[in-house]
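Input: a single structure, listed below in structure tokens.
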Amino acid sequence: GRFIPLLAGLGTVHAFDVTPSVLDEVAQRHPGATIIAGDGTYPTPPDDHTYGLAISSEVIEHTLDQASFLCDLFRVVKPGGLLLLTTPNARFEARYKAGTKGLQPVENWVDAAQLHTLVETAGFEVLGQSTLGAHWANMPYQRWRLYNLGKRVVRRLGWWRPIDDFESWLAG
């Protein structure tokens, strides 16, 4: 739910997950978000061409069929819409495993080249790709870069407005 404060007030925000505890937490922290529970199959509940922006943050590495996952995302994004996707980079697999205790396991590592191919094969045009590091969630500098990437996306959609308390958001 990290992007919900950035997008709230710009339109309807939907939170989609297959884990009930995650959806419960999002519902408590962000009562204005619409919660959609999935079951991990495709197609997912949203109708075709529903979203101008879809954000998939740290999800694709947990999917069994990454190509189908991306095709389903392409299905729900409006023509001309955007997908913002983040995932741990396979290049950092050893560092990730050594330094990030207690996180969800990454079952299906994908490197930058594989991800680029998967995204294009699904039908998306890749507008940019960047590697942030081993795990950005606890690194304020990396969160700054993620914020700037998110800002570029919402500016492209014409939805930009600054976060009221950016320092708190950046601190986590």
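Just remember, in the structure tokens the first chain shown is A, the second B, etc., residues are 1-based per chain, and ligands are 1-based in the order shown.
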
- Selection near A:His116, 10 Å with only C-alpha atoms, sequence-local residues under 3 positions removed, as a list in words: Val110, Asp111, Ala112, Ala113, Val119, Glu120, Thr121, Phe124, Glu125, Val126, Gly128 and Gln129 of chain A

- Query: Can you list every residue in stretch 28-127 of chain A that DSSP puts in strand (DSSP E), as a PyMOL selection string?
  - Reply: chain A and resi 34-37+51-57+77-86

Go ahead and save the residues from that selection, with N, CA, C and O atoms, as a compact mmCIF listing (two decimals), in the first residue's frame.
# COMPACT_ATOMS: atom_id res chain seq x y z
N THR A 34 -10.33 0.54 -2.56
CA THR A 34 -11.19 -0.61 -2.85
C THR A 34 -10.32 -1.85 -2.80
O THR A 34 -9.27 -1.90 -3.44
N ILE A 35 -10.76 -2.86 -2.07
CA ILE A 35 -9.99 -4.08 -1.88
C ILE A 35 -10.51 -5.16 -2.82
O ILE A 35 -11.71 -5.42 -2.87
N ILE A 36 -9.60 -5.79 -3.56
CA ILE A 36 -9.96 -6.87 -4.47
C ILE A 36 -9.13 -8.09 -4.11
O ILE A 36 -7.90 -8.06 -4.19
N ALA A 37 -9.79 -9.15 -3.70
CA ALA A 37 -9.09 -10.39 -3.35
C ALA A 37 -9.01 -11.27 -4.59
O ALA A 37 -10.00 -11.50 -5.27
N TYR A 51 -7.82 0.14 -15.91
CA TYR A 51 -6.92 1.05 -15.21
C TYR A 51 -6.05 1.87 -16.16
O TYR A 51 -5.51 1.34 -17.13
N GLY A 52 -5.87 3.15 -15.82
CA GLY A 52 -4.91 3.99 -16.52
C GLY A 52 -3.50 3.73 -16.02
O GLY A 52 -2.53 3.97 -16.73
N LEU A 53 -3.39 3.24 -14.80
CA LEU A 53 -2.10 2.91 -14.20
C LEU A 53 -2.26 1.65 -13.36
O LEU A 53 -3.16 1.57 -12.53
N ALA A 54 -1.40 0.69 -13.58
CA ALA A 54 -1.32 -0.51 -12.74
C ALA A 54 0.07 -0.54 -12.12
O ALA A 54 1.06 -0.30 -12.81
N ILE A 55 0.13 -0.82 -10.84
CA ILE A 55 1.40 -0.93 -10.14
C ILE A 55 1.52 -2.35 -9.60
O ILE A 55 0.66 -2.82 -8.87
N SER A 56 2.58 -3.01 -10.00
CA SER A 56 2.88 -4.35 -9.51
C SER A 56 4.22 -4.26 -8.79
O SER A 56 5.27 -4.26 -9.42
N SER A 57 4.17 -4.16 -7.49
CA SER A 57 5.38 -3.95 -6.70
C SER A 57 5.72 -5.21 -5.92
O SER A 57 4.99 -5.60 -5.00
N VAL A 77 -5.07 -2.99 -18.21
CA VAL A 77 -4.61 -1.61 -18.40
C VAL A 77 -5.26 -1.05 -19.67
O VAL A 77 -5.32 -1.71 -20.71
N LYS A 78 -5.74 0.19 -19.56
CA LYS A 78 -6.35 0.86 -20.70
C LYS A 78 -5.32 1.07 -21.80
O LYS A 78 -4.13 1.24 -21.50
N PRO A 79 -5.73 1.10 -23.06
CA PRO A 79 -4.79 1.47 -24.12
C PRO A 79 -4.16 2.82 -23.81
O PRO A 79 -4.85 3.77 -23.46
N GLY A 80 -2.85 2.89 -23.90
CA GLY A 80 -2.13 4.10 -23.55
C GLY A 80 -1.83 4.23 -22.07
O GLY A 80 -1.18 5.18 -21.65
N GLY A 81 -2.33 3.28 -21.27
CA GLY A 81 -2.08 3.30 -19.83
C GLY A 81 -0.67 2.83 -19.51
O GLY A 81 0.10 2.46 -20.41
N LEU A 82 -0.34 2.84 -18.24
CA LEU A 82 1.02 2.52 -17.81
C LEU A 82 1.04 1.40 -16.78
O LEU A 82 0.11 1.24 -15.99
N LEU A 83 2.14 0.65 -16.79
CA LEU A 83 2.44 -0.35 -15.77
C LEU A 83 3.74 0.06 -15.10
O LEU A 83 4.74 0.30 -15.77
N LEU A 84 3.73 0.17 -13.78
CA LEU A 84 4.94 0.38 -12.99
C LEU A 84 5.19 -0.93 -12.26
O LEU A 84 4.36 -1.36 -11.46
N LEU A 85 6.30 -1.57 -12.57
CA LEU A 85 6.58 -2.90 -12.04
C LEU A 85 7.93 -2.89 -11.33
O LEU A 85 8.91 -2.41 -11.88
N THR A 86 7.96 -3.41 -10.10
CA THR A 86 9.22 -3.57 -9.39
C THR A 86 9.38 -5.03 -8.99
O THR A 86 8.39 -5.72 -8.73

- Task: Report the distance between atom CA of A:His49 and atom CA of A:Cys71 in Å, rounded to one decimal place.
- Result: 12.2 Å

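Nearest residue to A:Glu58 among A:Pro88, A:Leu115, A:Gly11, A:Leu127 is A:Pro88, counting only C-alpha atoms.
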
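Taking atom CA of A:Ala15 as the reference point, atom CA of A:Ala33 is found at 6.5 Å.
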
- Here atom CA of A:Asp65 and atom CA of A:Val153 stand apart by 26.3 Å

- Run DSSP on the backbone and grab whatever in stretch 57-113 of chain A lands in alpha helix (DSSP H); send it over as a ChimeraX atom specification. /A:66-76,93-99,112-113

Keeping only C-alpha atoms, take the residues you just selected and write them out as a CSV table (one decimal), in the first residue's frame.
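The resulting out-v1.csv:
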chain,number,residue,atom,x,y,z
A,66,GLN,CA,5.1,-14.8,-15.2
A,67,ALA,CA,4.1,-14.5,-18.8
A,68,SER,CA,0.4,-15.1,-18.0
A,69,PHE,CA,0.6,-12.6,-15.1
A,70,LEU,CA,1.9,-9.9,-17.4
A,71,CYS,CA,-0.6,-10.7,-20.1
A,72,ASP,CA,-3.3,-10.3,-17.5
A,73,LEU,CA,-1.9,-6.9,-16.4
A,74,PHE,CA,-1.9,-5.9,-20.1
A,75,ARG,CA,-5.5,-6.9,-20.3
A,76,VAL,CA,-6.6,-4.7,-17.4
A,93,GLU,CA,20.0,-13.0,-5.5
A,94,ALA,CA,22.9,-13.9,-3.3
A,95,ARG,CA,22.9,-10.5,-1.5
A,96,TYR,CA,19.2,-10.6,-1.1
A,97,LYS,CA,19.3,-14.1,0.5
A,98,ALA,CA,22.2,-13.2,2.8
A,99,GLY,CA,20.9,-9.9,4.0
A,112,ALA,CA,16.6,-7.3,-16.1
A,113,ALA,CA,16.9,-8.8,-19.7
